[in-house]
Amino acid sequence: MQVLRGISFLLLVQIVVVTGQECSEEGVVRLADGVNVDGVGVYGRVEICINQQWGTVCDDGWDVAEARVACSQLGDFDFANPFTEYGGGSGRIHSFSCAGNENGLLNCSSDLDVDYCYHFKDVGVRCYYAQCNETDVRLVDGRTPNYGRVEICFVGGWGSVCNDGWDERDAEVVCRQLGCDGRPIALINYPVLSNYPLQYHLDDVECSGSEDMLSDCAHGGIGVHDCMEMAEVAGVICSECNETDVRLVDGVTSDDGRVEICFSGLWGSVCDDSWDYRDARVVCQQLGYNGTSVALSSHRVLTDESLFYYLDDVDCRGNENLLSQCEHGGVGIHNCGVGHQEAGVICSNAVECNETDVRLVAGTTPYDGLVEICLYGLWGSVCDTRWDYRDAGVVCRQLGYDGPSYPLLSHDGSSELRYHLDDVHCEGTESSLSDCSHRGIGVHYCYLYEPAGVVCTNVTCIEGAVHLVGGDDVSRGRVAYCYNGTWYSVCASDWDTTGEEARVVCETLGYDTSYYASVVVNYGRGTDPILPLSIECGSGTSAFSDCSTAELDVSQCSHAAGVDCFAICTTVGLTDCSQCNGESCTSHYGCRCGSDCFFYGKCCPDISVTKNCFVEECEHGAVRLVGGLTDSTGRLELCALGVWGKVCNAFGYWGPDTARVVCRQLGFSEDGAYILKDDIERFGTSDKDAVIGKVHCIGTESRLLECSHSSIGFHYCSPYYFDYDELDIVISCYDEVRGCEDGEVRLDGGFTSSTGRMEVCMDRRWGGVCSDGFNVKDARVVCSELDFNPGDGAIIEGPVTLEASPVFVGSVTCTGSEQSFSECSHDRPPSGGCSVAAISCGMSSSMHTHVSGSLMTPILP
């Protein structure tokens, strides 16, 4: 006979209808209000035909023996169980007492047509076909064969085990009987995945742990229990794996597949949220691989079973010994969809590269390209955040190049780009890029278009030769001079932005200085020694080696000389200009489009114009603050090659050190310099193009261009980092004498401390408040904040016109319950100006104040 496992038989249930059946044969038994389960058995209330009338059976004395006799009358059933939950019937009530081997209930001792029983005590029965071998055990309702609710076979039928006293010794016997060798785990109150009533075979099981079969353990007797149906079921996990082991499944080969990890003796999947090569590396190393590893997301699932996830949001550093040692959201805690978010790996014993090696890829020559570094046996890119000439110099030196090096920024990457490093900061003296500081291996905030690159060169030191080092292009950088077979940096203590020395350096290098005057820029001291000679070039000198020299005490040199030569590409052959179409410039520093090209990203509008086709608005390198109420607060703009432009507010670069440099260059006190972040919309948004980005100052520089920065020219300020209205940098350089704390309020210009113009502090400056819409509620908030009686606050009639101070606040709306004026809502002042509100807080009864125009005159009684 076929044994039905689990709960699949529930689909075969059908109701047995007995209403209207004739009672013609004495002693015939039928089941009412029950069910018939094909291949399993029948269940229902017992009714018997006596004297041609259907009657029910009283539950007094009704037990397994009586149930067996009733089931034998109903068919070829192998065992029976008495039940009483099928409701009450009607008609006469009878009572029977059987030995269990009778051919029918009428052959048992009986008491027919009793008057001491009621229909709510009518009995039922469950009649079963044999389903199993005696004393066998099995696990059901589990997601694996080793996990589930315990059932044991008695009298040919499966029955559950009550969980009273259930522990790991009992679970050990069950697992041993099932042939499992792993560590068992006892499960209390196991969930029942069936609406079908449970049959309990055992209760109060107590095993020593050494028994071979569960039936050998002590228990309360077969079928004897006091357990609530469906609520007190014993279960076990017979371990199928060792704790925290990992394995690969559903793979094409044994070296790849979906990652599973063992917890509580069972295998479970890993969700692919944040899954990357560091996590894959830990898995592969735990499995014994010593080569490369590749992370796979949404790995294919070759099973019809629902997956169980153990881990999500795994975040490995890459050096852990076990996957379980990595950070994660908690065992069993996940938000993954079943069947399409599985983490996988490909493991290999092959190694792509030697640890910490660097290489250049996707370049036009062997000396330039995107930087890749080998970590964990895999090549990975470097993000260009803070990438500068010092970082580029370390890379080129590690590759064996001894000439100047130039950083390349924001180059397009492939869709398979893998970032190893971000926010790299080298001192310039390191022998390997891996020795420089960074965010951490694999930790980055970069997009595909932000890999860092370099241009490396080999330069032979020939006496009198000169080249530029440490800039972001070959046309700019620190001046290096070959003297007595050694490269030296040149002292620039006597150089200035209009000096002949910068012009001579650029002309020596082949640049046409008639296009734009070369300027001196501080590119740092570098690693080369300072030349023990001061160099001075005359107006007629054309070669740097022809300049006059004098002995120099290098200890007195404050900084090394650096220059920007502002190359035109056709002059020095830097870039193929064939792509110029007369409307735009495509080279690094501009192509000639018909005539000369405007350096700042646009071609000359009139090809008849020669040389510089733009009008110089300012001195190169100058800074200013615009849009503020004073020249010490506002949006930062930089003069680049005679044109004012804004500075990109690049994420992670701007801070108080940079603000101090700007304020110092403008001649303001650097002690109070700070960057405004919370209220920058008051200064408007610049309509100018960005001319520089990624500026990073250490705070000691005297000018902004002495700070580390990207190349000068058109810059796209990425909206991925900021909203468009936040691209401008707003700086305040406040005067300590006039300083105040933002948000403070005061009354100024009155005859007493409780009367005067309403002023509020913004950007460390006092400014007025418009009188338009200003009312008693607003005045009371101000008076309360100034420790006057808020009930005495009143607006002074005839608002004054503020002449000496700016107006900061337009229309104000206070509810009157605010603790400070800064909590009230307000607008910007109108562009056409406004009169300023004046307030009297708690004036004495002997004096009233009258305000007319800008004068306040006491009115005497």
# chains A, B, ... in the order shown; residues from 1 in each chain; ligands from 1

call {"tool": "residues_around", "arguments": {"residues": "region 390-401 of chain A", "least_positions_apart": "5", "cutoff": "7 Å", "atoms": "only C-alpha atoms", "output": "list in words"}}
result
Tyr406, Pro407, His425, Cys426, Glu427, Gly428, Glu430, Ser431, Ser432, Leu433, Val454, Cys456, Thr457, Asn458 and Gly470 of chain A

call {"tool": "write_last_selection", "arguments": {"atoms": "N, CA, C and O atoms", "output": "PDB file, in the first residue's frame"}}
result
ATOM      1  N   TYR A 406      52.071  63.730 -14.214  1.00  0.00           N
ATOM      2  CA  TYR A 406      50.903  64.607 -14.210  1.00  0.00           C
ATOM      3  C   TYR A 406      49.657  63.766 -13.953  1.00  0.00           C
ATOM      4  O   TYR A 406      49.463  62.712 -14.567  1.00  0.00           O
ATOM      5  N   PRO A 407      48.793  64.222 -13.075  1.00  0.00           N
ATOM      6  CA  PRO A 407      47.563  63.469 -12.825  1.00  0.00           C
ATOM      7  C   PRO A 407      46.530  63.689 -13.922  1.00  0.00           C
ATOM      8  O   PRO A 407      46.430  64.780 -14.482  1.00  0.00           O
ATOM      9  N   HIS A 425      45.844  59.904  -0.606  1.00  0.00           N
ATOM     10  CA  HIS A 425      46.624  61.098  -0.269  1.00  0.00           C
ATOM     11  C   HIS A 425      48.061  60.670  -0.002  1.00  0.00           C
ATOM     12  O   HIS A 425      48.375  60.057   1.019  1.00  0.00           O
ATOM     13  N   CYS A 426      48.934  60.992  -0.956  1.00  0.00           N
ATOM     14  CA  CYS A 426      50.363  60.667  -0.832  1.00  0.00           C
ATOM     15  C   CYS A 426      51.143  61.914  -0.425  1.00  0.00           C
ATOM     16  O   CYS A 426      50.807  63.032  -0.828  1.00  0.00           O
ATOM     17  N   GLU A 427      52.187  61.724   0.350  1.00  0.00           N
ATOM     18  CA  GLU A 427      53.108  62.818   0.651  1.00  0.00           C
ATOM     19  C   GLU A 427      54.027  63.084  -0.522  1.00  0.00           C
ATOM     20  O   GLU A 427      54.575  64.174  -0.656  1.00  0.00           O
ATOM     21  N   GLY A 428      54.209  62.070  -1.365  1.00  0.00           N
ATOM     22  CA  GLY A 428      55.078  62.195  -2.528  1.00  0.00           C
ATOM     23  C   GLY A 428      56.384  61.454  -2.376  1.00  0.00           C
ATOM     24  O   GLY A 428      57.114  61.273  -3.350  1.00  0.00           O
ATOM     25  N   GLU A 430      56.534  58.310  -0.907  1.00  0.00           N
ATOM     26  CA  GLU A 430      56.281  56.875  -0.772  1.00  0.00           C
ATOM     27  C   GLU A 430      56.854  56.099  -1.968  1.00  0.00           C
ATOM     28  O   GLU A 430      56.938  56.611  -3.089  1.00  0.00           O
ATOM     29  N   SER A 431      57.250  54.866  -1.711  1.00  0.00           N
ATOM     30  CA  SER A 431      57.790  54.025  -2.776  1.00  0.00           C
ATOM     31  C   SER A 431      56.704  53.232  -3.476  1.00  0.00           C
ATOM     32  O   SER A 431      56.926  52.703  -4.567  1.00  0.00           O
ATOM     33  N   SER A 432      55.536  53.132  -2.867  1.00  0.00           N
ATOM     34  CA  SER A 432      54.432  52.371  -3.450  1.00  0.00           C
ATOM     35  C   SER A 432      53.131  53.109  -3.180  1.00  0.00           C
ATOM     36  O   SER A 432      52.953  53.728  -2.125  1.00  0.00           O
ATOM     37  N   LEU A 433      52.204  53.044  -4.141  1.00  0.00           N
ATOM     38  CA  LEU A 433      50.910  53.698  -3.966  1.00  0.00           C
ATOM     39  C   LEU A 433      50.168  53.121  -2.766  1.00  0.00           C
ATOM     40  O   LEU A 433      49.413  53.829  -2.096  1.00  0.00           O
ATOM     41  N   VAL A 454      47.355  58.896 -14.920  1.00  0.00           N
ATOM     42  CA  VAL A 454      48.612  59.660 -14.860  1.00  0.00           C
ATOM     43  C   VAL A 454      49.237  59.726 -16.247  1.00  0.00           C
ATOM     44  O   VAL A 454      48.937  58.922 -17.134  1.00  0.00           O
ATOM     45  N   CYS A 456      53.214  59.793 -17.320  1.00  0.00           N
ATOM     46  CA  CYS A 456      54.594  59.674 -16.810  1.00  0.00           C
ATOM     47  C   CYS A 456      55.572  59.988 -17.943  1.00  0.00           C
ATOM     48  O   CYS A 456      55.272  59.791 -19.124  1.00  0.00           O
ATOM     49  N   THR A 457      56.750  60.476 -17.575  1.00  0.00           N
ATOM     50  CA  THR A 457      57.791  60.759 -18.567  1.00  0.00           C
ATOM     51  C   THR A 457      59.140  60.335 -18.029  1.00  0.00           C
ATOM     52  O   THR A 457      59.360  60.254 -16.811  1.00  0.00           O
ATOM     53  N   ASN A 458      60.039  60.034 -18.961  1.00  0.00           N
ATOM     54  CA  ASN A 458      61.446  59.815 -18.626  1.00  0.00           C
ATOM     55  C   ASN A 458      62.239  61.025 -19.124  1.00  0.00           C
ATOM     56  O   ASN A 458      62.154  61.385 -20.298  1.00  0.00           O
ATOM     57  N   GLY A 470      54.996  68.112 -11.188  1.00  0.00           N
ATOM     58  CA  GLY A 470      53.974  68.222 -10.143  1.00  0.00           C
ATOM     59  C   GLY A 470      52.718  68.946 -10.532  1.00  0.00           C
ATOM     60  O   GLY A 470      51.807  69.100  -9.712  1.00  0.00           O
TER      61      GLY A 470
END

call {"tool": "residues_around", "arguments": {"residues": "Trp275 (chain A)", "least_positions_apart": "6", "cutoff": "10 Å", "atoms": "only C-alpha atoms", "output": "count of residues only"}}
result
12

call {"tool": "atom_distance", "arguments": {"atom1": "CA of Val173 (chain A)", "atom2": "CA of Val140 (chain A)"}}
result
16.7 Å

call {"tool": "residues_around", "arguments": {"residues": "Ala837 (chain A)", "least_positions_apart": "4", "cutoff": "6 Å", "atoms": "only C-alpha atoms", "output": "PyMOL selection string"}}
result
chain A and resi 758+769-771+799

call {"tool": "write_last_selection", "arguments": {"atoms": "all heavy atoms", "output": "mmCIF file, in the first residue's frame"}}
result
data_model
loop_
_atom_site.group_PDB
_atom_site.id
_atom_site.type_symbol
_atom_site.label_atom_id
_atom_site.label_comp_id
_atom_site.auth_asym_id
_atom_site.auth_seq_id
_atom_site.Cartn_x
_atom_site.Cartn_y
_atom_site.Cartn_z
ATOM 1 N N MET A 758 14.784 97.167 14.981
ATOM 2 C CA MET A 758 14.892 95.723 15.104
ATOM 3 C C MET A 758 16.012 95.235 14.186
ATOM 4 O O MET A 758 15.988 95.448 12.979
ATOM 5 C CB MET A 758 13.548 95.079 14.696
ATOM 6 C CG MET A 758 13.601 93.581 14.472
ATOM 7 S SD MET A 758 14.076 92.696 15.946
ATOM 8 C CE MET A 758 14.468 91.105 15.233
ATOM 9 N N VAL A 769 15.299 94.414 9.827
ATOM 10 C CA VAL A 769 14.148 93.598 9.479
ATOM 11 C C VAL A 769 13.102 94.510 8.861
ATOM 12 O O VAL A 769 12.777 95.576 9.419
ATOM 13 C CB VAL A 769 13.588 92.876 10.720
ATOM 14 C CG1 VAL A 769 12.332 92.087 10.356
ATOM 15 C CG2 VAL A 769 14.648 91.980 11.337
ATOM 16 N N CYS A 770 12.528 94.117 7.733
ATOM 17 C CA CYS A 770 11.527 94.935 7.066
ATOM 18 C C CYS A 770 10.300 95.124 7.963
ATOM 19 O O CYS A 770 9.877 94.198 8.665
ATOM 20 C CB CYS A 770 11.097 94.286 5.752
ATOM 21 S SG CYS A 770 12.283 94.509 4.418
ATOM 22 N N SER A 771 9.727 96.303 7.880
ATOM 23 C CA SER A 771 8.536 96.595 8.680
ATOM 24 C C SER A 771 7.264 96.064 8.038
ATOM 25 O O SER A 771 6.227 95.974 8.697
ATOM 26 C CB SER A 771 8.402 98.115 8.877
ATOM 27 O OG SER A 771 8.211 98.750 7.618
ATOM 28 N N PRO A 799 7.754 103.616 11.025
ATOM 29 C CA PRO A 799 8.996 102.843 10.950
ATOM 30 C C PRO A 799 10.150 103.678 10.407
ATOM 31 O O PRO A 799 9.954 104.559 9.581
ATOM 32 C CB PRO A 799 8.638 101.706 9.990
ATOM 33 C CG PRO A 799 7.469 102.201 9.206
ATOM 34 C CD PRO A 799 6.717 103.081 10.144
#

call {"tool": "atom_distance", "arguments": {"atom1": "CA of Cys217 (chain A)", "atom2": "CA of Val205 (chain A)"}}
result
6.6 Å

call {"tool": "select_by_dssp", "arguments": {"residues": "region 208-375 of chain A", "states": "alpha helix (DSSP H)", "output": "list in words"}}
result
Tyr277, Arg278, Asp279, Ala280, Arg281, Val282, Val283, Cys284, Gln285 and Gln286 of chain A

call {"tool": "write_last_selection", "arguments": {"atoms": "all heavy atoms", "output": "JSON list (two decimals), in the first residue's frame"}}
result
[["chain", "number", "residue", "atom", "x", "y", "z"],
["A", 277, "TYR", "N", 33.65, 41.95, -4.33],
["A", 277, "TYR", "CA", 34.80, 41.06, -4.45],
["A", 277, "TYR", "C", 35.48, 40.77, -3.11],
["A", 277, "TYR", "O", 36.10, 39.72, -2.94],
["A", 277, "TYR", "CB", 35.82, 41.66, -5.43],
["A", 277, "TYR", "CG", 36.52, 42.90, -4.93],
["A", 277, "TYR", "CD1", 37.76, 42.83, -4.33],
["A", 277, "TYR", "CD2", 35.92, 44.15, -5.04],
["A", 277, "TYR", "CE1", 38.40, 43.96, -3.87],
["A", 277, "TYR", "CE2", 36.54, 45.29, -4.59],
["A", 277, "TYR", "CZ", 37.79, 45.19, -4.01],
["A", 277, "TYR", "OH", 38.42, 46.31, -3.54],
["A", 278, "ARG", "N", 35.35, 41.68, -2.14],
["A", 278, "ARG", "CA", 35.95, 41.40, -0.83],
["A", 278, "ARG", "C", 35.21, 40.27, -0.14],
["A", 278, "ARG", "O", 35.82, 39.41, 0.50],
["A", 278, "ARG", "CB", 35.92, 42.67, 0.02],
["A", 278, "ARG", "CG", 36.80, 43.79, -0.50],
["A", 278, "ARG", "CD", 36.58, 45.06, 0.28],
["A", 278, "ARG", "NE", 35.21, 45.51, 0.14],
["A", 278, "ARG", "CZ", 34.63, 46.39, 0.92],
["A", 278, "ARG", "NH1", 35.30, 46.91, 1.92],
["A", 278, "ARG", "NH2", 33.38, 46.77, 0.72],
["A", 279, "ASP", "N", 33.88, 40.27, -0.25],
["A", 279, "ASP", "CA", 33.10, 39.17, 0.31],
["A", 279, "ASP", "C", 33.43, 37.86, -0.41],
["A", 279, "ASP", "O", 33.59, 36.81, 0.22],
["A", 279, "ASP", "CB", 31.60, 39.47, 0.18],
["A", 279, "ASP", "CG", 31.24, 40.87, 0.64],
["A", 279, "ASP", "OD1", 31.75, 41.27, 1.70],
["A", 279, "ASP", "OD2", 30.49, 41.55, -0.05],
["A", 280, "ALA", "N", 33.52, 37.95, -1.76],
["A", 280, "ALA", "CA", 33.86, 36.76, -2.54],
["A", 280, "ALA", "C", 35.23, 36.23, -2.15],
["A", 280, "ALA", "O", 35.45, 35.01, -2.09],
["A", 280, "ALA", "CB", 33.81, 37.09, -4.03],
["A", 281, "ARG", "N", 36.17, 37.13, -1.89],
["A", 281, "ARG", "CA", 37.53, 36.70, -1.52],
["A", 281, "ARG", "C", 37.50, 35.88, -0.23],
["A", 281, "ARG", "O", 38.16, 34.84, -0.12],
["A", 281, "ARG", "CB", 38.42, 37.93, -1.33],
["A", 281, "ARG", "CG", 39.81, 37.62, -0.77],
["A", 281, "ARG", "CD", 40.62, 38.90, -0.61],
["A", 281, "ARG", "NE", 41.84, 38.66, 0.13],
["A", 281, "ARG", "CZ", 42.96, 38.19, -0.41],
["A", 281, "ARG", "NH1", 42.99, 37.89, -1.69],
["A", 281, "ARG", "NH2", 44.04, 38.01, 0.32],
["A", 282, "VAL", "N", 36.71, 36.31, 0.76],
["A", 282, "VAL", "CA", 36.64, 35.59, 2.03],
["A", 282, "VAL", "C", 36.05, 34.19, 1.82],
["A", 282, "VAL", "O", 36.54, 33.20, 2.37],
["A", 282, "VAL", "CB", 35.80, 36.39, 3.05],
["A", 282, "VAL", "CG1", 35.58, 35.57, 4.33],
["A", 282, "VAL", "CG2", 36.49, 37.69, 3.40],
["A", 283, "VAL", "N", 34.98, 34.11, 1.01],
["A", 283, "VAL", "CA", 34.37, 32.81, 0.74],
["A", 283, "VAL", "C", 35.37, 31.87, 0.08],
["A", 283, "VAL", "O", 35.54, 30.71, 0.49],
["A", 283, "VAL", "CB", 33.12, 32.97, -0.15],
["A", 283, "VAL", "CG1", 32.61, 31.62, -0.63],
["A", 283, "VAL", "CG2", 32.02, 33.70, 0.60],
["A", 284, "CYS", "N", 36.05, 32.36, -0.97],
["A", 284, "CYS", "CA", 36.99, 31.51, -1.70],
["A", 284, "CYS", "C", 38.16, 31.08, -0.83],
["A", 284, "CYS", "O", 38.61, 29.92, -0.90],
["A", 284, "CYS", "CB", 37.48, 32.23, -2.96],
["A", 284, "CYS", "SG", 36.18, 32.49, -4.21],
["A", 285, "GLN", "N", 38.66, 31.97, -0.01],
["A", 285, "GLN", "CA", 39.75, 31.59, 0.89],
["A", 285, "GLN", "C", 39.28, 30.56, 1.92],
["A", 285, "GLN", "O", 40.02, 29.64, 2.26],
["A", 285, "GLN", "CB", 40.31, 32.83, 1.59],
["A", 285, "GLN", "CG", 41.18, 33.69, 0.70],
["A", 285, "GLN", "CD", 41.90, 34.78, 1.47],
["A", 285, "GLN", "OE1", 41.42, 35.24, 2.51],
["A", 285, "GLN", "NE2", 43.03, 35.22, 0.96],
["A", 286, "GLN", "N", 38.05, 30.72, 2.42],
["A", 286, "GLN", "CA", 37.51, 29.74, 3.38],
["A", 286, "GLN", "C", 37.39, 28.37, 2.72],
["A", 286, "GLN", "O", 37.53, 27.33, 3.39],
["A", 286, "GLN", "CB", 36.16, 30.22, 3.90],
["A", 286, "GLN", "CG", 35.59, 29.33, 5.01],
["A", 286, "GLN", "CD", 34.32, 29.90, 5.62],
["A", 286, "GLN", "OE1", 33.96, 31.05, 5.37],
["A", 286, "GLN", "NE2", 33.63, 29.10, 6.41]]

call {"tool": "atom_distance", "arguments": {"atom1": "CA of Ser210 (chain A)", "atom2": "CA of Trp267 (chain A)"}}
result
27.1 Å

call {"tool": "select_by_dssp", "arguments": {"residues": "region 62-287 of chain A", "states": "strand (DSSP E)", "output": "number ranges by chain"}}
result
A: 79-83, 93-97, 109-111, 124-128, 137-140, 147-154, 157-161, 184-187, 200-202, 235-238, 246-249, 256-263, 266-270

call {"tool": "residues_around", "arguments": {"residues": "region 481-492 of chain A", "least_positions_apart": "5", "cutoff": "8 Å", "atoms": "only C-alpha atoms", "output": "number ranges by chain"}}
result
A: 461-467, 525-526, 528-531, 533-535, 554, 557-562

call {"tool": "write_last_selection", "arguments": {"atoms": "N, CA and C atoms", "output": "PDB file, in the first residue's frame"}}
result
ATOM      1  N   CYS A 461      68.791  64.053 -17.261  1.00  0.00           N
ATOM      2  CA  CYS A 461      69.321  65.285 -16.705  1.00  0.00           C
ATOM      3  C   CYS A 461      70.549  65.731 -17.519  1.00  0.00           C
ATOM      4  N   ILE A 462      70.298  66.686 -18.429  1.00  0.00           N
ATOM      5  CA  ILE A 462      71.378  67.288 -19.222  1.00  0.00           C
ATOM      6  C   ILE A 462      71.623  68.686 -18.667  1.00  0.00           C
ATOM      7  N   GLU A 463      72.877  69.025 -18.468  1.00  0.00           N
ATOM      8  CA  GLU A 463      73.223  70.289 -17.824  1.00  0.00           C
ATOM      9  C   GLU A 463      72.484  71.460 -18.455  1.00  0.00           C
ATOM     10  N   GLY A 464      71.771  72.232 -17.579  1.00  0.00           N
ATOM     11  CA  GLY A 464      71.036  73.403 -18.034  1.00  0.00           C
ATOM     12  C   GLY A 464      69.616  73.110 -18.483  1.00  0.00           C
ATOM     13  N   ALA A 465      69.223  71.810 -18.528  1.00  0.00           N
ATOM     14  CA  ALA A 465      67.865  71.468 -18.954  1.00  0.00           C
ATOM     15  C   ALA A 465      66.865  71.878 -17.878  1.00  0.00           C
ATOM     16  N   VAL A 466      65.649  72.136 -18.324  1.00  0.00           N
ATOM     17  CA  VAL A 466      64.596  72.532 -17.398  1.00  0.00           C
ATOM     18  C   VAL A 466      63.312  71.793 -17.778  1.00  0.00           C
ATOM     19  N   HIS A 467      62.526  71.381 -16.792  1.00  0.00           N
ATOM     20  CA  HIS A 467      61.187  70.838 -17.063  1.00  0.00           C
ATOM     21  C   HIS A 467      60.292  71.154 -15.871  1.00  0.00           C
ATOM     22  N   ARG A 525      56.968  72.275  -2.492  1.00  0.00           N
ATOM     23  CA  ARG A 525      58.430  72.218  -2.443  1.00  0.00           C
ATOM     24  C   ARG A 525      58.985  71.013  -3.182  1.00  0.00           C
ATOM     25  N   GLY A 526      58.200  69.899  -3.233  1.00  0.00           N
ATOM     26  CA  GLY A 526      58.658  68.709  -3.925  1.00  0.00           C
ATOM     27  C   GLY A 526      59.719  67.962  -3.149  1.00  0.00           C
ATOM     28  N   ASP A 528      62.838  67.193  -4.675  1.00  0.00           N
ATOM     29  CA  ASP A 528      64.177  67.541  -5.145  1.00  0.00           C
ATOM     30  C   ASP A 528      64.801  68.577  -4.205  1.00  0.00           C
ATOM     31  N   PRO A 529      66.130  68.587  -4.082  1.00  0.00           N
ATOM     32  CA  PRO A 529      66.782  69.624  -3.262  1.00  0.00           C
ATOM     33  C   PRO A 529      66.645  70.999  -3.920  1.00  0.00           C
ATOM     34  N   ILE A 530      66.757  72.040  -3.114  1.00  0.00           N
ATOM     35  CA  ILE A 530      66.687  73.418  -3.629  1.00  0.00           C
ATOM     36  C   ILE A 530      68.037  73.787  -4.249  1.00  0.00           C
ATOM     37  N   LEU A 531      67.991  74.346  -5.440  1.00  0.00           N
ATOM     38  CA  LEU A 531      69.205  74.782  -6.131  1.00  0.00           C
ATOM     39  C   LEU A 531      69.915  75.852  -5.301  1.00  0.00           C
ATOM     40  N   LEU A 533      71.491  78.291  -5.900  1.00  0.00           N
ATOM     41  CA  LEU A 533      71.722  79.495  -6.692  1.00  0.00           C
ATOM     42  C   LEU A 533      70.397  80.244  -6.842  1.00  0.00           C
ATOM     43  N   SER A 534      70.466  81.560  -6.752  1.00  0.00           N
ATOM     44  CA  SER A 534      69.299  82.363  -7.120  1.00  0.00           C
ATOM     45  C   SER A 534      69.437  82.701  -8.593  1.00  0.00           C
ATOM     46  N   ILE A 535      68.299  82.706  -9.318  1.00  0.00           N
ATOM     47  CA  ILE A 535      68.319  82.910 -10.766  1.00  0.00           C
ATOM     48  C   ILE A 535      67.509  84.157 -11.093  1.00  0.00           C
ATOM     49  N   VAL A 554      70.132  78.175   0.883  1.00  0.00           N
ATOM     50  CA  VAL A 554      68.860  77.485   0.657  1.00  0.00           C
ATOM     51  C   VAL A 554      67.982  77.478   1.898  1.00  0.00           C
ATOM     52  N   CYS A 557      65.213  79.995   1.701  1.00  0.00           N
ATOM     53  CA  CYS A 557      64.245  79.905   0.603  1.00  0.00           C
ATOM     54  C   CYS A 557      62.882  79.494   1.165  1.00  0.00           C
ATOM     55  N   SER A 558      61.866  80.309   0.936  1.00  0.00           N
ATOM     56  CA  SER A 558      60.540  80.052   1.493  1.00  0.00           C
ATOM     57  C   SER A 558      59.721  79.081   0.642  1.00  0.00           C
ATOM     58  N   HIS A 559      59.892  79.101  -0.695  1.00  0.00           N
ATOM     59  CA  HIS A 559      59.135  78.161  -1.514  1.00  0.00           C
ATOM     60  C   HIS A 559      59.807  77.991  -2.864  1.00  0.00           C
ATOM     61  N   ALA A 560      59.488  76.854  -3.515  1.00  0.00           N
ATOM     62  CA  ALA A 560      60.043  76.551  -4.828  1.00  0.00           C
ATOM     63  C   ALA A 560      59.221  77.223  -5.909  1.00  0.00           C
ATOM     64  N   ALA A 561      59.881  77.525  -7.026  1.00  0.00           N
ATOM     65  CA  ALA A 561      59.221  78.211  -8.135  1.00  0.00           C
ATOM     66  C   ALA A 561      58.372  77.238  -8.939  1.00  0.00           C
ATOM     67  N   GLY A 562      57.206  77.718  -9.341  1.00  0.00           N
ATOM     68  CA  GLY A 562      56.355  76.959 -10.240  1.00  0.00           C
ATOM     69  C   GLY A 562      55.727  77.912 -11.227  1.00  0.00           C
TER      70      GLY A 562
END

call {"tool": "closest_residue", "arguments": {"among": "A:Ala452, A:Val64, A:Leu74, A:Val382", "to": "Val155 (chain A)", "atoms": "only C-alpha atoms"}}
result
A:Val64
